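Next up, protein.txt (compact mmCIF, C-alpha atoms and all ligand atoms):
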# COMPACT_ATOMS: atom_id res chain seq x y z
CA MET A 26 -196.41 68.42 64.16
CA ILE A 27 -196.89 64.68 64.52
CA ARG A 28 -195.21 62.51 67.07
CA PHE A 29 -194.49 58.91 66.02
CA ASP A 30 -193.82 56.37 68.76
CA ILE A 31 -192.55 52.91 67.93
CA ILE A 32 -192.78 49.90 70.22
CA THR A 33 -190.27 47.27 69.15
CA LEU A 34 -187.96 44.50 70.31
CA PHE A 35 -185.29 45.90 67.97
CA PRO A 36 -184.98 49.65 68.59
CA ARG A 37 -181.63 49.94 66.83
CA MET A 38 -183.22 49.06 63.49
CA PHE A 39 -184.55 52.62 63.42
CA ASP A 40 -181.20 54.37 63.95
CA SER A 41 -180.15 54.99 60.40
CA PRO A 42 -183.21 54.84 58.10
CA LEU A 43 -184.95 57.71 59.88
CA GLN A 44 -181.81 59.82 60.12
CA GLU A 45 -181.32 60.67 56.47
CA SER A 46 -182.55 63.32 54.08
CA LEU A 47 -186.17 64.44 54.33
CA LEU A 48 -187.08 62.78 57.64
CA LYS A 49 -183.88 63.96 59.27
CA LYS A 50 -184.59 67.56 58.28
CA ALA A 51 -188.23 67.26 59.34
CA GLN A 52 -187.12 66.18 62.82
CA GLU A 53 -184.50 68.91 63.05
CA ARG A 54 -187.10 71.49 62.14
CA GLY A 55 -189.56 70.15 64.72
CA LEU A 56 -192.20 69.15 62.14
CA ILE A 57 -192.19 65.53 63.24
CA GLU A 58 -190.83 63.71 66.26
CA ILE A 59 -189.87 60.02 66.28
CA VAL A 60 -189.45 58.19 69.58
CA VAL A 61 -188.36 54.54 69.63
CA HIS A 62 -189.20 52.39 72.67
CA ASP A 63 -187.75 49.05 73.69
CA LEU A 64 -190.67 46.73 74.43
CA ARG A 65 -188.55 44.97 77.04
CA ASP A 66 -188.79 48.07 79.24
CA TRP A 67 -192.36 46.96 80.00
CA THR A 68 -191.55 43.34 80.83
CA GLN A 69 -191.48 42.25 84.44
CA ASP A 70 -189.28 39.21 84.89
CA ARG A 71 -185.55 39.03 85.23
CA HIS A 72 -185.14 37.77 81.68
CA ARG A 73 -187.28 40.59 80.26
CA THR A 74 -189.47 38.07 78.44
CA ALA A 75 -191.70 39.54 75.72
CA ASP A 76 -192.78 36.32 73.98
CA ASP A 77 -193.93 32.84 74.87
CA THR A 78 -195.04 29.55 73.28
CA ALA A 79 -198.52 29.38 71.71
CA TYR A 80 -201.49 27.95 73.57
CA GLY A 81 -202.66 24.89 71.67
CA GLY A 82 -199.16 24.18 70.43
CA GLY A 83 -197.64 24.79 67.03
CA ALA A 84 -194.42 26.27 65.78
CA GLY A 85 -192.95 29.57 66.88
CA MET A 86 -193.33 32.13 69.60
CA VAL A 87 -196.15 34.62 70.21
CA MET A 88 -195.61 38.10 71.63
CA LYS A 89 -197.19 38.53 75.05
CA VAL A 90 -200.16 40.87 75.50
CA GLY A 91 -199.14 42.39 78.87
CA PRO A 92 -195.97 44.29 77.95
CA ILE A 93 -197.46 45.59 74.69
CA VAL A 94 -200.59 46.96 76.36
CA LYS A 95 -198.59 48.54 79.18
CA ALA A 96 -196.32 50.17 76.62
CA ILE A 97 -199.23 51.58 74.59
CA GLU A 98 -200.93 52.92 77.70
CA SER A 99 -197.86 54.65 79.06
CA ILE A 100 -196.78 56.15 75.71
CA ARG A 101 -200.12 57.44 74.52
CA LYS A 102 -200.72 61.08 75.43
CA VAL A 103 -204.15 62.26 74.33
CA PRO A 104 -206.24 59.26 73.24
CA ALA A 105 -208.72 61.43 71.34
CA THR A 106 -206.09 62.77 68.94
CA SER A 107 -203.81 59.76 68.80
CA ARG A 108 -203.95 56.38 67.18
CA ALA A 109 -202.42 53.06 68.23
CA VAL A 110 -201.56 51.06 65.12
CA LEU A 111 -200.57 47.40 64.91
CA LEU A 112 -198.52 46.41 61.88
CA THR A 113 -199.81 43.06 60.66
CA PRO A 114 -200.26 41.29 57.31
CA GLN A 115 -203.89 40.79 58.38
CA GLY A 116 -204.58 44.54 58.64
CA LYS A 117 -206.27 46.95 56.24
CA PRO A 118 -204.10 47.65 53.21
CA PHE A 119 -202.00 50.79 53.66
CA SER A 120 -202.53 53.39 50.92
CA GLN A 121 -202.10 57.08 50.19
CA ASP A 122 -205.63 57.62 51.54
CA VAL A 123 -204.78 55.91 54.84
CA ALA A 124 -201.59 57.99 55.03
CA GLY A 125 -203.72 61.12 54.60
CA GLU A 126 -206.06 60.00 57.34
CA PHE A 127 -203.16 59.26 59.72
CA SER A 128 -201.58 62.65 59.04
CA SER A 129 -204.45 64.37 60.86
CA TYR A 130 -203.50 62.90 64.27
CA THR A 131 -201.04 64.42 66.75
CA GLN A 132 -199.56 61.08 67.77
CA LEU A 133 -199.28 57.65 66.14
CA VAL A 134 -198.10 54.72 68.26
CA PHE A 135 -196.88 51.73 66.24
CA VAL A 136 -196.68 48.19 67.58
CA CYS A 137 -194.17 46.06 65.68
CA GLY A 138 -194.75 42.31 65.78
CA ARG A 139 -192.04 39.66 65.52
CA TYR A 140 -191.96 35.84 65.41
CA GLU A 141 -195.46 34.41 64.77
CA GLY A 142 -197.09 37.73 65.63
CA VAL A 143 -198.88 39.10 68.70
CA ASP A 144 -201.41 37.60 71.14
CA GLU A 145 -204.88 38.18 69.63
CA ARG A 146 -205.95 40.17 72.72
CA VAL A 147 -203.63 43.02 71.66
CA LEU A 148 -206.26 43.84 69.02
CA SER A 149 -208.59 45.14 71.75
CA PHE A 150 -206.04 47.85 72.61
CA VAL A 151 -205.22 49.26 69.18
CA ASP A 152 -207.33 51.49 66.90
CA ASP A 153 -206.00 50.24 63.60
CA GLU A 154 -204.35 47.20 62.06
CA VAL A 155 -202.36 48.02 58.96
CA SER A 156 -200.66 45.84 56.35
CA ILE A 157 -198.16 47.24 53.84
CA GLY A 158 -198.91 44.50 51.31
CA ASP A 159 -199.72 40.87 50.67
CA PHE A 160 -196.38 39.41 51.70
CA ILE A 161 -194.80 38.36 55.00
CA LEU A 162 -192.00 40.39 56.56
CA SER A 163 -189.99 39.08 59.47
CA GLY A 164 -191.12 41.95 61.68
CA GLY A 165 -193.26 45.07 61.81
CA GLU A 166 -190.29 47.45 62.00
CA ILE A 167 -189.78 48.01 58.28
CA ALA A 168 -193.55 48.28 57.83
CA ALA A 169 -193.65 51.00 60.52
CA MET A 170 -190.88 52.87 58.70
CA VAL A 171 -192.85 52.71 55.47
CA VAL A 172 -195.93 54.17 57.14
CA ILE A 173 -193.95 56.88 58.98
CA ASP A 174 -192.22 57.92 55.77
CA ALA A 175 -195.44 58.17 53.77
CA VAL A 176 -197.33 60.03 56.53
CA SER A 177 -194.44 62.46 57.16
CA ARG A 178 -194.50 63.64 53.55
CA LEU A 179 -198.06 64.84 54.12
CA VAL A 180 -197.19 66.96 57.15
CA PRO A 181 -197.15 70.59 55.92
CA GLY A 182 -193.59 71.83 55.46
CA VAL A 183 -191.87 68.43 55.38
CA VAL A 184 -191.66 68.36 51.58
CA GLY A 185 -190.37 71.79 50.55
CA ASP A 186 -192.59 72.20 47.51
CA GLU A 187 -196.23 71.44 48.34
CA ALA A 188 -197.06 71.20 44.64
CA SER A 189 -194.76 68.20 44.35
CA VAL A 190 -196.82 66.29 46.94
CA ARG A 191 -200.05 67.21 45.13
CA GLU A 192 -198.69 65.89 41.84
CA ASP A 193 -197.25 62.65 43.25
CA THR A 194 -198.53 59.33 41.98
CA PHE A 195 -201.81 58.44 43.77
CA SER A 196 -202.34 61.94 45.20
CA ASN A 197 -204.65 62.88 42.33
CA GLY A 198 -205.72 59.28 41.75
CA LEU A 199 -203.35 58.81 38.80
CA LEU A 200 -199.80 57.61 38.24
CA LYS A 201 -197.40 60.51 37.77
CA TYR A 202 -196.49 61.79 34.31
CA PRO A 203 -193.01 60.92 32.90
CA GLN A 204 -190.18 63.14 34.09
CA TYR A 205 -186.87 64.08 32.48
CA THR A 206 -183.78 66.09 33.31
CA ARG A 207 -180.58 66.92 31.38
CA PRO A 208 -179.22 65.81 28.93
CA PRO A 209 -181.83 66.32 26.18
CA SER A 210 -180.51 63.29 24.34
CA PHE A 211 -179.09 60.05 25.77
CA ARG A 212 -178.09 57.24 23.39
CA ASP A 213 -181.06 57.37 21.03
CA LEU A 214 -183.55 58.48 23.70
CA ASN A 215 -184.77 62.06 23.46
CA VAL A 216 -186.69 64.29 25.84
CA PRO A 217 -190.13 65.03 24.31
CA ASP A 218 -190.05 68.36 22.43
CA VAL A 219 -193.09 69.72 24.23
CA LEU A 220 -191.20 69.84 27.53
CA MET A 221 -188.63 72.17 26.01
CA SER A 222 -191.20 74.33 24.21
CA GLY A 223 -191.73 76.76 27.09
CA ASP A 224 -195.49 76.63 26.42
CA HIS A 225 -196.83 76.00 29.93
CA GLU A 226 -200.41 75.29 28.92
CA LYS A 227 -199.25 72.76 26.34
CA ILE A 228 -196.93 71.13 28.90
CA ARG A 229 -199.72 70.93 31.46
CA ARG A 230 -202.01 69.25 28.94
CA TRP A 231 -199.29 66.83 27.82
CA ARG A 232 -198.52 65.83 31.41
CA ARG A 233 -202.16 65.24 32.22
CA GLN A 234 -202.59 63.08 29.09
CA GLU A 235 -199.41 61.09 29.77
CA ALA A 236 -200.56 60.47 33.35
CA LEU A 237 -203.93 59.27 32.06
CA LYS A 238 -202.29 57.06 29.44
CA LYS A 239 -199.88 55.46 31.89
CA THR A 240 -202.62 54.85 34.43
CA LEU A 241 -204.84 53.25 31.78
CA GLN A 242 -202.00 50.96 30.69
CA ARG A 243 -200.71 49.96 34.10
CA ARG A 244 -203.40 50.56 36.71
CA PRO A 245 -206.83 50.84 35.06
CA ASP A 246 -208.33 50.07 38.49
CA LEU A 247 -207.25 53.54 39.66
CA LEU A 248 -209.17 55.38 36.92
CA GLU A 249 -212.56 54.56 38.37
CA LYS A 250 -211.84 56.53 41.53
CA ALA A 251 -209.77 59.28 39.95
CA GLY A 252 -212.51 61.89 39.47
CA LEU A 253 -211.90 62.50 35.78
CA SER A 254 -213.14 65.52 33.86
CA ASP A 255 -215.16 65.20 30.64
CA LYS A 256 -212.01 66.22 28.78
CA ASP A 257 -210.06 63.41 30.46
CA ALA A 258 -212.74 60.89 29.56
CA THR A 259 -212.79 62.04 25.93
CA PHE A 260 -209.02 61.74 25.75
CA LEU A 261 -209.07 58.22 27.21
CA LYS A 262 -211.66 57.14 24.65
CA SER A 263 -209.45 58.48 21.87
CA ILE A 264 -206.49 56.21 22.69
N1 LIG B 1 -197.71 34.43 61.54
C1 LIG B 1 -198.21 35.69 61.12
C2 LIG B 1 -197.12 36.52 60.45
C3 LIG B 1 -196.07 36.97 61.40
S1 LIG B 1 -194.84 37.96 60.64
C4 LIG B 1 -199.35 35.46 60.11
O1 LIG B 1 -199.35 34.45 59.45
O2 LIG B 1 -200.23 36.32 59.99
C5 LIG B 1 -194.17 38.82 62.01
C6 LIG B 1 -194.57 40.26 62.16
O3 LIG B 1 -194.13 41.00 61.04
C7 LIG B 1 -196.05 40.54 62.26
O4 LIG B 1 -196.52 40.40 63.57
C8 LIG B 1 -196.15 41.97 61.79
O5 LIG B 1 -195.91 42.89 62.83
C9 LIG B 1 -195.01 42.06 60.78
N2 LIG B 1 -195.46 41.97 59.38
C10 LIG B 1 -195.25 40.91 58.55
N3 LIG B 1 -195.77 41.15 57.33
C11 LIG B 1 -196.34 42.36 57.38
C12 LIG B 1 -197.05 43.16 56.43
N4 LIG B 1 -197.28 42.73 55.19
N5 LIG B 1 -197.50 44.37 56.83
C13 LIG B 1 -197.28 44.82 58.08
N6 LIG B 1 -196.61 44.10 59.02
C14 LIG B 1 -196.15 42.90 58.69

Do you think you could lay out the structure here as structure tokens?
Amino acid sequence: MIRFDIITLFPRMFDSPLQESLLKKAQERGLIEIVVHDLRDWTQDRHRTADDTAYGGGAGMVMKVGPIVKAIESIRKVPATSRAVLLTPQGKPFSQDVAGEFSSYTQLVFVCGRYEGVDERVLSFVDDEVSIGDFILSGGEIAAMVVIDAVSRLVPGVVGDEASVREDTFSNGLLKYPQYTRPPSFRDLNVPDVLMSGDHEKIRRWRRQEALKKTLQRRPDLLEKAGLSDKDATFLKSI
């Protein structure tokens, strides 16, 4: 069971994306809990101000440190088993490994930036800064959803078939093998014979080799960390 808390200026953004399919079922079954908080609940003035102009001038607004820190402190339950995470393009790159690491906590509290980002002093009150890629989004909300989705899949029971998580792209360090379903023939494209042979050992070997081949072609950088067997290495040399 993991509890995800989200601190945002736009709570309604989370209404629909987290209420479909796998994540919906996971919440219904009590495997994960998602709680969305309106950052303005921790502001103090009549206008519920959460941002202000930047010291030193320049374009755009900066999110104030006070409300964010108060929100984190009141939402966080057990600091030892929880993590406060700021979504920012300047953070460490999110990956399947980071998702795995996050899945071992009981609570993750996400801070979603907007505008020009957050006051630098917020960094002293979070444990992690995470980026979902080298591009700029208009807010941290979609990034938080990405992280929540990827981490939830690693919570035992969320994905019905555990084997499917193990075989996912990245989980074993490789891209996933090609997959097919009916019909056996579409236009002039046929399903490889081996998959219909019923020979499980042969299928297993074919899938491993296809995964290796695809990874070599598209993401050779992944192969170095993939923990290949001698057999894998021999196969790669042969192509
Ligand atoms: N001016 C900032 C970018 C602000 S974008 C800069 O140049 O670094 C506004 C907010 O969107 C950020 O505070 C962050 O919460 C979110 N965001 C934008 N891109 C992101 C990314 N690649 N990963 C995670 N969060 C991102």

Mind giving me the axis-aligned box for ligand LIG 1 (chain B) with 5 Å on every side, centre plus edges in Å to one decimal, as JSON?
{"center_x": -197.2, "center_y": 39.6, "center_z": 59.4, "size_x": 16.1, "size_y": 20.4, "size_z": 18.4}

Across A:Thr194, A:Ser177, A:Gln69, A:Thr33, the smallest distance to Val134 of chain A, with all atoms listed in the file counted, is shown by A:Thr33

Distance in Å - atom CA of Lys117 of chain A versus atom CA of Glu98 of chain A |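 These atoms are spaced 22.9 Å apart.
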
Using only C-alpha atoms and all ligand atoms, which of the listed residues (A:Gln52, A:Ser163, A:Gln234, A:Ser196) sits closest to ligand LIG 1 (chain B)?
->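 Ranked by minimum distance to ligand LIG 1 (chain B), first place goes to A:Ser163.
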
Mind pulling up the distance from atom CA of Phe127 of chain A to atom CA of Thr68 of chain A?
->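 Between atom CA of Thr68 of chain A and atom CA of Phe127 of chain A the gap works out to 28.9 Å.
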